[in-house]
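K.L.:
Below is one structure. I have some questions about it.
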Amino acid sequence: LHANMSGSRLMRAIRVSEFGGPAVLKLCSDVPVPVPGPRQVLIHVRACGVNPVETYIRSGGHGRKPTLPYTPGTDVAGVVEAVGDGVTAVKAGDRVFTTATVSGGYAEFTVAAEDCVHWLPDALDFPQGSAIGIPYFTAYRALVHKARAKAGETVLIHGASGGVGVAACQLSRALGLRVLGTAGTPEGMKLALSNGAHLIFNHREEGYTDKIMEATGGAGVDIIVEMLSNVNLSKDLQMMAFGGRVTVVGARGSIEINPRDTMAKESSIMGVALFCATQEEKKECAALLYAGMEAGWLRPIVGSHYPLEKAAQAHHDIIESPGAAGKIVLTI
């Protein structure tokens with residue numbers, strides 16, 4: 001952190017000036033520290049979560065295109081530096097995490113709206129705090145608001161070892177579901193089992209869907225939380241129980257399905273998009289997640305830490321790595 005000639009404070013931040021591959025993430029050291037407006041909070045960032053959606057936005061292929069240049073990142077954890085007028089929920093010195101930012105989270109400082117800033121319990125460190133936002137709010141939206149999960153139902157977390165996957169395992173277990181998970185590596189499989197999955201399957205193994213059906217006694221699963229729908233959706237529809245629901249959390253392309261598969265089980269396919277959540281839905285989700293932090297079942301698992309200058313590597317790895325094992329975060 002340093003000052004320029006006019007005395008305004010400068011910081012290090014990642015800036016994107018053109019859409020493209022990971023290389024467009026450029027570290028700049030002369031970015032002005034943002035100033036919090038009314039009902040906004042300035043946070044000294046200690047860690048920022050990296051989410052797949054940030055790679056889609058960066059590549060320019062996402063529905064939401066930010067105005068260039070911009071700084072990516074929504075899920076930070078850190079310490080409140082200053083607050084704007086009218087802020088009452090937090091004060092300078094508080095440990096906090098965010099679910100969205102105004103100025104971008106891949107930076108030493110960020111500004112966030114007060115209603116997106118949440119107090120971070122002492123039991124969780126900053127990297128864990130930066131792993132809550134998108135993963136846990138998405139898992140809750142998929143399971144509760146979309147699939148309307150009921151205790152006793154069976155859920156398949158299709159991709160259970162990444163940020164959303166681990167969150168969905170922990171949350172599903174807390175909701176009283178029977179939790180089946182998949183992962184692509186032995187490490188990922190172990191991680192899902194230790195975070196709430198009752199049974200785990202290797203989705204790189206030939207015939208793994210038959211094993212899942214066997215585990216349900218041939219009845220199929222009630223809910224699927226799907227991280228890679230462009231590969232799995234057709235298989236998902238064939239694993240459904242009657243009235244089953246597939247919640248589409250991730251897609252990286254298109255896929256052919258047979259609509260007859262939905263008729264056979266009267267199953268539903270529903271999209272999950274966090275930015276569609278209402279203020280009431282976000283409050284409800286935050287209340288349940290706080291209960292999870294107090295009870296101890298909400299414990300984010302951080303896999304890889306990258307320094308801010310390695311943001312491009314983090315973007316490459318979150319998409320290209322052979323199997324997820326916990327959440328990818330930038331430490332700042």
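Residue names in the structure tokens use chain letters A, B, ... in the order shown, residue numbers from 1 in each chain, and ligand numbers from 1 in the order shown.
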With only C-alpha atoms as the counted atoms, please give the residues lying no more than 6 Å from segment 311-319 of chain A, apart from itself and same-chain residues fewer than 3 positions off, as a PyMOL selection string.
P.N.:
chain A and resi 22-23+25+308
K.L.:
Just list the residues in segment 68-216 of chain A DSSP gives strand (DSSP E or B) on the backbone, as a ChimeraX atom specification.
P.N.:
/A:70,76-83,95-98,107,109-113,117-119,154-158,178-183,199-202
K.L.:
I need the alpha helix (DSSP H) residues of segment 208-292 of chain A per DSSP on the backbone, written as a PyMOL selection string.
P.N.:
chain A and resi 208-215+229-238+260-265+279-292
K.L.:
What is the distance, in Å and to one decimal place, between atom CA of Ala147 of chain A and atom CA of Val249 of chain A?
P.N.:
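If I compute the distance from atom CA of Ala147 of chain A to atom CA of Val249 of chain A, I get 11.9 Å.
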K.L.:
Which one of A:Ala112, A:Ala174, A:Met293, A:Pro72 sits closest to Thr55 of chain A if you count only C-alpha atoms?
P.N.:
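With only C-alpha atoms as the atom set, the closest residue is A:Pro72.
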K.L.:
Using only C-alpha atoms, pick whichever of A:Gly20, A:Pro127, A:Gly86, A:Pro69 has the shortest atom-to-atom distance to Gln40 of chain A.
P.N.:
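Smallest separation from Gln40 of chain A among the options: A:Gly86.
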